[in-house]
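Read through the structure below, which is laid out as structure tokens, and then see the notes.
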Amino acid sequence: MSERTTDILIIGAGPAGLAGALYASRSLVKTIVLERMSVGGLVLSTEWIDNYPGFPDGIAAPELMDRMRRQAERFGAEFVSDEALSLNRTDMGFSVTTAGGTMYQAGSVIVATGAMPRVLPVKEESKYRGRGISYCATCDAAFFKGKPVAVVGGGGSAVEEALVLARGCSKVSVVFPLDSLQAEPILIEQLGAFSNVEFVPGAAPAAVEGEGKVERLRLRLSAGGEKTLEVAAVFVAMEFVPTGDLLKGLVEVDAQGYVVIPESTETGVPGLYIAGDVRRKSLKQIVTAVADGAVAAQRAGIYVRSRKGKKNGTPEN
């Protein structure tokens with residue numbers, strides 16, 4: 001196994017990791033970013049972004065992520081395509097082993113692995129993702145203004161997605177497996193006030209159909225039989241699954257697996273910071289992930305420099 005050393009190691013190159021890479025590298029500490037998939041993370045599943053500040057006409061998701069990467073690289077951040085398998089405390093700080101056979105020794109680590117949506121459980125999911133299957137109404141609702149859509153999910157996030165869509169879509173069908181929605185009553189009341197919203201309880205997705213894009217959603221009914229919805233999009237809101245397995249035993253997580261930490265992104269482990277959607281937060285958007293990354297990198301930079309100062313026998317700043 002090969003070994004590398006860095007001041008700050010960032011695990012995950014979504015918006016939080018990219019912002020962290022920019023701020024860390026600008027603070028003149030060696031920064032390496034590990035990403036097991038494509039740089040940009042889950043954002044790349046969205047074709048177009050209209051709600052990131054500074055782009056009045058919107059911007060393609062891949063282009064925005066590429067700009068963030070190039071900006072961080074300009075200040076010296078290094079991106080490595082590899083998957084982190086383990087994270088452990090050491091005398092130096094932390095050690096991270098990867099699937100590619102490298103052990104990284106880092107003074108500080110920022111975990112920005114994000115959260116993955118529970119995917120629509122139909123075999124056509126990958127075929128229609130980005131072509132009518134969406135995991136973010138805030139991101140994509142405008143593309144389906146005046147068109148019928150479906151929301152799959154029965155929890156609070158599904159109701160919130162439906163509220164966004166109901167303001168512009170011709171019809172919103174909310175599909176959920178139980179007899180009732182599992183969300184706050186006030187949210188359900190607000191959604192029920194829209195005349196263009198229909199509830200489809202006791203139903204589960206069976207198939208998605210269409211010529212190159214979503215045109216129909218076939219449902220399997222718990223009472224028996226099937227139902228077909230003519231829709232231009234299927235918004236999936238079956239809750240997210242945080243991807244923080246590396247953190248088990250190191251930090252506190254809630255019942256859903258999200259890391260519970262303050263806005264400072266600091267954990268109870270010195271030198272370990274959490275940024276982005278892997279932590280419990282009220283709003284999961286690119287702009288909030290970027291803010292997390294900046295805060296985490298600023299704290300990590302201070303931590304790394306303070307340790308170097310102690311080793312050199314110089315006072316901390």
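By convention in this document, the chains of the structure tokens carry letters A, B, ... by their order, each chain's residues are numbered from 1, and ligands are numbered from 1 in the order they are shown.
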
With 7 Å as the cut-off and only C-alpha atoms counted, what is the closest atom pair between each nearby residue of region 203-286 of chain A and region 107-119 of chain A? Distances in Å to one decimal, ordered by chain and number, as a tab-separated table.
```
residue	atom	partner	partner_atom	distance
A:Met238	CA	A:Arg118	CA	5.8
A:Glu239	CA	A:Pro117	CA	6.2
A:Phe240	CA	A:Pro117	CA	4.2
A:Val241	CA	A:Met116	CA	5.2
A:Pro242	CA	A:Ala115	CA	3.9
A:Thr243	CA	A:Ala115	CA	5.2
A:Gly244	CA	A:Thr113	CA	6.5
A:Gly271	CA	A:Ser108	CA	4.6
A:Leu272	CA	A:Val109	CA	5.1
A:Tyr273	CA	A:Ile110	CA	4.7
A:Ile274	CA	A:Val111	CA	4.9
A:Ala275	CA	A:Ala112	CA	4.9
A:Gly276	CA	A:Ala112	CA	5.7
A:Asp277	CA	A:Gly114	CA	4.5
A:Val278	CA	A:Gly114	CA	4.4
```

- Neighbours of Ile10 (chain A) within 12 Å (only C-alpha atoms; same-chain residues fewer than 4 positions away dropped), as number ranges by chain? A: 6, 14-25, 30-36, 77-80, 82-84, 87, 94, 96, 104-113, 271-276, 293-294, 296-297, 300

Go ahead and dump the residues you just picked, N, CA and C atoms, as a short mmCIF file (atom, residue, chain, number, x, y, z; two decimals), in the first residue's frame.
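Once everything was written out, this is out_10.cif:
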```cif
data_model
loop_
_atom_site.label_atom_id
_atom_site.label_comp_id
_atom_site.auth_asym_id
_atom_site.auth_seq_id
_atom_site.Cartn_x
_atom_site.Cartn_y
_atom_site.Cartn_z
N THR A 6 -0.81 14.81 3.69
CA THR A 6 -1.40 16.10 3.34
C THR A 6 -1.82 16.83 4.61
N GLY A 14 -18.64 16.96 -3.80
CA GLY A 14 -19.85 17.67 -4.17
C GLY A 14 -19.63 19.15 -3.86
N PRO A 15 -20.68 19.95 -3.82
CA PRO A 15 -20.52 21.38 -3.56
C PRO A 15 -19.80 21.69 -2.25
N ALA A 16 -20.09 20.92 -1.19
CA ALA A 16 -19.42 21.16 0.10
C ALA A 16 -17.93 20.89 0.00
N GLY A 17 -17.58 19.75 -0.61
CA GLY A 17 -16.18 19.41 -0.76
C GLY A 17 -15.44 20.37 -1.66
N LEU A 18 -16.10 20.81 -2.72
CA LEU A 18 -15.47 21.75 -3.66
C LEU A 18 -15.22 23.11 -3.00
N ALA A 19 -16.20 23.58 -2.25
CA ALA A 19 -16.00 24.86 -1.55
C ALA A 19 -14.92 24.70 -0.48
N GLY A 20 -14.92 23.56 0.20
CA GLY A 20 -13.89 23.31 1.19
C GLY A 20 -12.51 23.30 0.55
N ALA A 21 -12.41 22.70 -0.64
CA ALA A 21 -11.12 22.65 -1.34
C ALA A 21 -10.63 24.04 -1.70
N LEU A 22 -11.55 24.90 -2.12
CA LEU A 22 -11.18 26.27 -2.47
C LEU A 22 -10.66 27.02 -1.25
N TYR A 23 -11.42 26.98 -0.17
CA TYR A 23 -11.04 27.74 1.02
C TYR A 23 -9.81 27.17 1.69
N ALA A 24 -9.67 25.85 1.69
CA ALA A 24 -8.49 25.23 2.30
C ALA A 24 -7.23 25.57 1.52
N SER A 25 -7.29 25.42 0.20
CA SER A 25 -6.11 25.67 -0.62
C SER A 25 -5.72 27.15 -0.61
N LYS A 30 -1.66 22.29 2.25
CA LYS A 30 -1.79 21.25 1.23
C LYS A 30 -3.14 20.57 1.37
N THR A 31 -3.87 20.51 0.26
CA THR A 31 -5.24 19.99 0.29
C THR A 31 -5.44 18.94 -0.80
N ILE A 32 -5.93 17.78 -0.40
CA ILE A 32 -6.27 16.71 -1.34
C ILE A 32 -7.74 16.36 -1.16
N VAL A 33 -8.43 16.17 -2.28
CA VAL A 33 -9.85 15.83 -2.27
C VAL A 33 -10.05 14.44 -2.88
N LEU A 34 -10.73 13.57 -2.15
CA LEU A 34 -11.06 12.24 -2.66
C LEU A 34 -12.52 12.21 -3.10
N GLU A 35 -12.78 11.66 -4.27
CA GLU A 35 -14.15 11.52 -4.76
C GLU A 35 -14.29 10.17 -5.46
N ARG A 36 -15.20 9.35 -4.98
CA ARG A 36 -15.35 8.01 -5.55
C ARG A 36 -16.14 8.01 -6.86
N ALA A 77 -5.41 22.93 -4.94
CA ALA A 77 -6.11 21.73 -4.47
C ALA A 77 -5.91 20.60 -5.48
N GLU A 78 -5.73 19.40 -4.97
CA GLU A 78 -5.54 18.22 -5.82
C GLU A 78 -6.75 17.30 -5.68
N PHE A 79 -7.27 16.86 -6.81
CA PHE A 79 -8.42 15.95 -6.81
C PHE A 79 -7.98 14.55 -7.22
N VAL A 80 -8.41 13.57 -6.44
CA VAL A 80 -8.04 12.18 -6.70
C VAL A 80 -9.31 11.35 -6.80
N ASP A 82 -10.89 8.26 -6.10
CA ASP A 82 -10.69 7.09 -5.25
C ASP A 82 -11.77 7.09 -4.17
N GLU A 83 -11.98 5.93 -3.57
CA GLU A 83 -13.01 5.79 -2.53
C GLU A 83 -12.37 5.56 -1.17
N ALA A 84 -12.74 6.38 -0.21
CA ALA A 84 -12.25 6.21 1.16
C ALA A 84 -12.97 5.02 1.80
N LEU A 87 -11.50 5.48 8.19
CA LEU A 87 -11.02 6.73 8.77
C LEU A 87 -10.66 6.46 10.23
N PHE A 94 -5.00 11.91 11.32
CA PHE A 94 -5.92 10.89 10.81
C PHE A 94 -5.25 10.07 9.72
N VAL A 96 -6.46 7.60 6.43
CA VAL A 96 -7.59 7.19 5.58
C VAL A 96 -7.07 6.20 4.54
N TYR A 104 -3.69 7.66 3.27
CA TYR A 104 -3.44 9.09 3.41
C TYR A 104 -3.27 9.43 4.89
N GLN A 105 -2.19 10.14 5.21
CA GLN A 105 -1.99 10.68 6.54
C GLN A 105 -2.30 12.17 6.48
N ALA A 106 -3.28 12.60 7.26
CA ALA A 106 -3.73 13.99 7.18
C ALA A 106 -3.79 14.61 8.56
N GLY A 107 -3.45 15.89 8.62
CA GLY A 107 -3.55 16.63 9.87
C GLY A 107 -5.00 16.88 10.25
N SER A 108 -5.85 17.08 9.24
CA SER A 108 -7.26 17.33 9.47
C SER A 108 -8.07 16.70 8.34
N VAL A 109 -9.28 16.30 8.65
CA VAL A 109 -10.15 15.68 7.65
C VAL A 109 -11.51 16.38 7.65
N ILE A 110 -11.99 16.66 6.45
CA ILE A 110 -13.35 17.18 6.26
C ILE A 110 -14.15 16.10 5.54
N VAL A 111 -15.20 15.60 6.17
CA VAL A 111 -16.05 14.60 5.54
C VAL A 111 -17.23 15.32 4.90
N ALA A 112 -17.31 15.21 3.59
CA ALA A 112 -18.37 15.88 2.82
C ALA A 112 -18.99 14.88 1.85
N THR A 113 -19.34 13.72 2.38
CA THR A 113 -19.83 12.62 1.54
C THR A 113 -21.29 12.74 1.14
N GLY A 271 -9.92 18.27 14.88
CA GLY A 271 -9.41 18.13 13.51
C GLY A 271 -10.37 17.47 12.54
N LEU A 272 -11.51 17.00 13.04
CA LEU A 272 -12.49 16.34 12.17
C LEU A 272 -13.71 17.24 12.00
N TYR A 273 -14.07 17.53 10.74
CA TYR A 273 -15.17 18.44 10.44
C TYR A 273 -16.13 17.78 9.46
N ILE A 274 -17.40 18.16 9.55
CA ILE A 274 -18.43 17.58 8.70
C ILE A 274 -19.12 18.68 7.92
N ALA A 275 -19.23 18.53 6.61
CA ALA A 275 -19.83 19.57 5.78
C ALA A 275 -20.83 18.98 4.80
N GLY A 276 -21.90 19.74 4.56
CA GLY A 276 -22.86 19.33 3.54
C GLY A 276 -23.98 18.45 4.06
N GLY A 293 -18.92 23.91 3.53
CA GLY A 293 -17.55 23.62 3.10
C GLY A 293 -16.59 24.74 3.44
N ALA A 294 -17.04 25.97 3.26
CA ALA A 294 -16.19 27.11 3.58
C ALA A 294 -15.90 27.19 5.08
N ALA A 296 -16.04 24.70 7.29
CA ALA A 296 -15.21 23.56 7.70
C ALA A 296 -13.75 23.79 7.32
N ALA A 297 -13.51 24.29 6.12
CA ALA A 297 -12.14 24.52 5.67
C ALA A 297 -11.46 25.61 6.50
N ALA A 300 -10.63 23.95 9.76
CA ALA A 300 -9.56 22.97 9.56
C ALA A 300 -8.21 23.66 9.36
#
```

- Task: Show which residues sit within 12 Å of region 126-131 of chain A, as number ranges by chain. Count only C-alpha atoms, and ignore same-chain residues fewer than 4 positions away.
- Result: A: 42-48, 61, 119-122, 135-136, 139-140, 143-144, 207-217, 232-236

Can you write out the residues you just picked, keeping C-alpha atoms, as an mmCIF file, in the first residue's frame?
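As a result, again-v3.cif now contains:
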```
data_model
loop_
_atom_site.group_PDB
_atom_site.id
_atom_site.type_symbol
_atom_site.label_atom_id
_atom_site.label_comp_id
_atom_site.auth_asym_id
_atom_site.auth_seq_id
_atom_site.Cartn_x
_atom_site.Cartn_y
_atom_site.Cartn_z
ATOM 1 C CA LEU A 42 -25.361 14.266 -6.689
ATOM 2 C CA VAL A 43 -25.726 17.705 -8.281
ATOM 3 C CA LEU A 44 -24.777 16.135 -11.603
ATOM 4 C CA SER A 45 -28.113 14.283 -11.649
ATOM 5 C CA THR A 46 -29.738 17.676 -12.297
ATOM 6 C CA GLU A 47 -29.309 19.070 -15.800
ATOM 7 C CA TRP A 48 -29.840 22.756 -15.067
ATOM 8 C CA ALA A 61 -24.976 21.585 -13.371
ATOM 9 C CA VAL A 119 -33.937 5.763 -5.736
ATOM 10 C CA LEU A 120 -37.252 5.107 -7.425
ATOM 11 C CA PRO A 121 -37.640 1.310 -7.167
ATOM 12 C CA VAL A 122 -38.287 0.582 -10.843
ATOM 13 C CA TYR A 135 -34.952 14.110 -6.894
ATOM 14 C CA CYS A 136 -35.310 17.846 -6.323
ATOM 15 C CA CYS A 139 -34.178 22.454 -8.676
ATOM 16 C CA ASP A 140 -36.414 21.168 -11.477
ATOM 17 C CA PHE A 143 -39.020 22.684 -16.267
ATOM 18 C CA PHE A 144 -42.494 21.193 -15.811
ATOM 19 C CA ALA A 207 -42.868 1.079 -13.980
ATOM 20 C CA VAL A 208 -42.024 4.306 -15.810
ATOM 21 C CA GLU A 209 -42.795 4.569 -19.512
ATOM 22 C CA GLY A 210 -42.206 7.055 -22.323
ATOM 23 C CA GLU A 211 -40.412 7.716 -25.583
ATOM 24 C CA GLY A 212 -37.047 9.063 -24.449
ATOM 25 C CA LYS A 213 -38.607 10.893 -21.496
ATOM 26 C CA VAL A 214 -41.176 10.248 -18.785
ATOM 27 C CA GLU A 215 -44.731 10.114 -20.075
ATOM 28 C CA ARG A 216 -46.451 7.616 -17.760
ATOM 29 C CA LEU A 217 -46.097 6.201 -14.257
ATOM 30 C CA ALA A 232 -44.322 14.542 -17.564
ATOM 31 C CA ALA A 233 -42.146 13.930 -14.518
ATOM 32 C CA VAL A 234 -41.812 11.793 -11.416
ATOM 33 C CA PHE A 235 -40.342 13.532 -8.383
ATOM 34 C CA VAL A 236 -38.911 11.058 -5.912
#
```

- Message: Using Å and a single decimal, report how far CA of Val269 (chain A) sits from CA of Met37 (chain A).
- Response: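 Separation of CA of Met37 (chain A) and CA of Val269 (chain A): 26.9 Å.
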
- Item | Atom-to-atom span, CA of Pro56 (chain A) and CA of Val287 (chain A), Å |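 Pair CA of Pro56 (chain A) / CA of Val287 (chain A) returns 14.9 Å.
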
Closest atom pairs, region 219-261 of chain A residues within 10 Å of region 198-204 of chain A, only C-alpha atoms, as a tab-separated table:
```
residue	atom	partner	partner_atom	distance
A:Leu219	CA	A:Ala204	CA	5.4
A:Arg220	CA	A:Ala204	CA	5.2
A:Leu221	CA	A:Ala203	CA	4.5
A:Ser222	CA	A:Gly202	CA	5.2
A:Ala223	CA	A:Gly202	CA	7.2
A:Gly224	CA	A:Ala203	CA	9.5
A:Gly225	CA	A:Ala203	CA	10.0
A:Glu226	CA	A:Ala203	CA	8.6
A:Lys227	CA	A:Ala203	CA	8.5
```

Take the residues that were just selected and, keeping C-alpha atoms, output them as a CSV table (one decimal), in the first residue's frame.
```
chain,number,residue,atom,x,y,z
A,219,LEU,CA,-48.6,2.1,-10.1
A,220,ARG,CA,-49.3,-1.1,-8.2
A,221,LEU,CA,-52.2,-0.7,-5.8
A,222,SER,CA,-52.2,-2.4,-2.4
A,223,ALA,CA,-55.9,-3.2,-2.8
A,224,GLY,CA,-55.1,-5.0,-6.0
A,225,GLY,CA,-54.7,-4.1,-9.7
A,226,GLU,CA,-52.8,-1.2,-11.2
A,227,LYS,CA,-53.3,2.5,-12.0
```

- DSSP strand (DSSP E or B) selection over region 174-284 of chain A, as a VMD selection string: chain A and resid 174 to 175 182 197 to 200 203 to 209 216 to 221 226 to 230 233 to 236 240 to 242 253 259 266 272 to 274 279

- Polymer residues at most 6 Å from Thr97 (chain A), only C-alpha atoms, same-chain spacing of 4 or more positions, as a ChimeraX atom specification: /A:84-86,102-103

- Item | For Tyr52 (chain A): contacts at 8 Å, only C-alpha atoms, fewer than 3 positions along chain excluded, given as a PyMOL selection string | chain A and resi 49+55+58+286-287

Selected residues, C-alpha atoms, written as a PDB file, in the first residue's frame, please.
```
ATOM      1  CA  ILE A  49     -29.518  24.954 -11.983  1.00  0.00           C
ATOM      2  CA  PHE A  55     -26.261  33.127 -12.533  1.00  0.00           C
ATOM      3  CA  GLY A  58     -29.122  29.658 -14.795  1.00  0.00           C
ATOM      4  CA  ILE A 286     -26.054  23.742  -3.107  1.00  0.00           C
ATOM      5  CA  VAL A 287     -25.761  27.125  -1.440  1.00  0.00           C
TER       6      VAL A 287
END
```

- Pick out the closest residue to Ala142 (chain A) from this set: A:Asn51, A:Ser95, A:Thr5, A:Ser180. Count only C-alpha atoms.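 Using only C-alpha atoms, Ala142 (chain A) sits closest to A:Asn51.
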
- Item | Distance query Ala183 (chain A) at most 8 Å, only C-alpha atoms, self and fewer than 3 positions along chain excluded, as a PyMOL selection string | chain A and resi 154-156+159+187-188

- Message: Can you measure CA of Ala13 (chain A) to CA of Ser157 (chain A) for me? One decimal in Å is fine.
- Response: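 Interatomic distance, CA of Ala13 (chain A) to CA of Ser157 (chain A): 24.7 Å.
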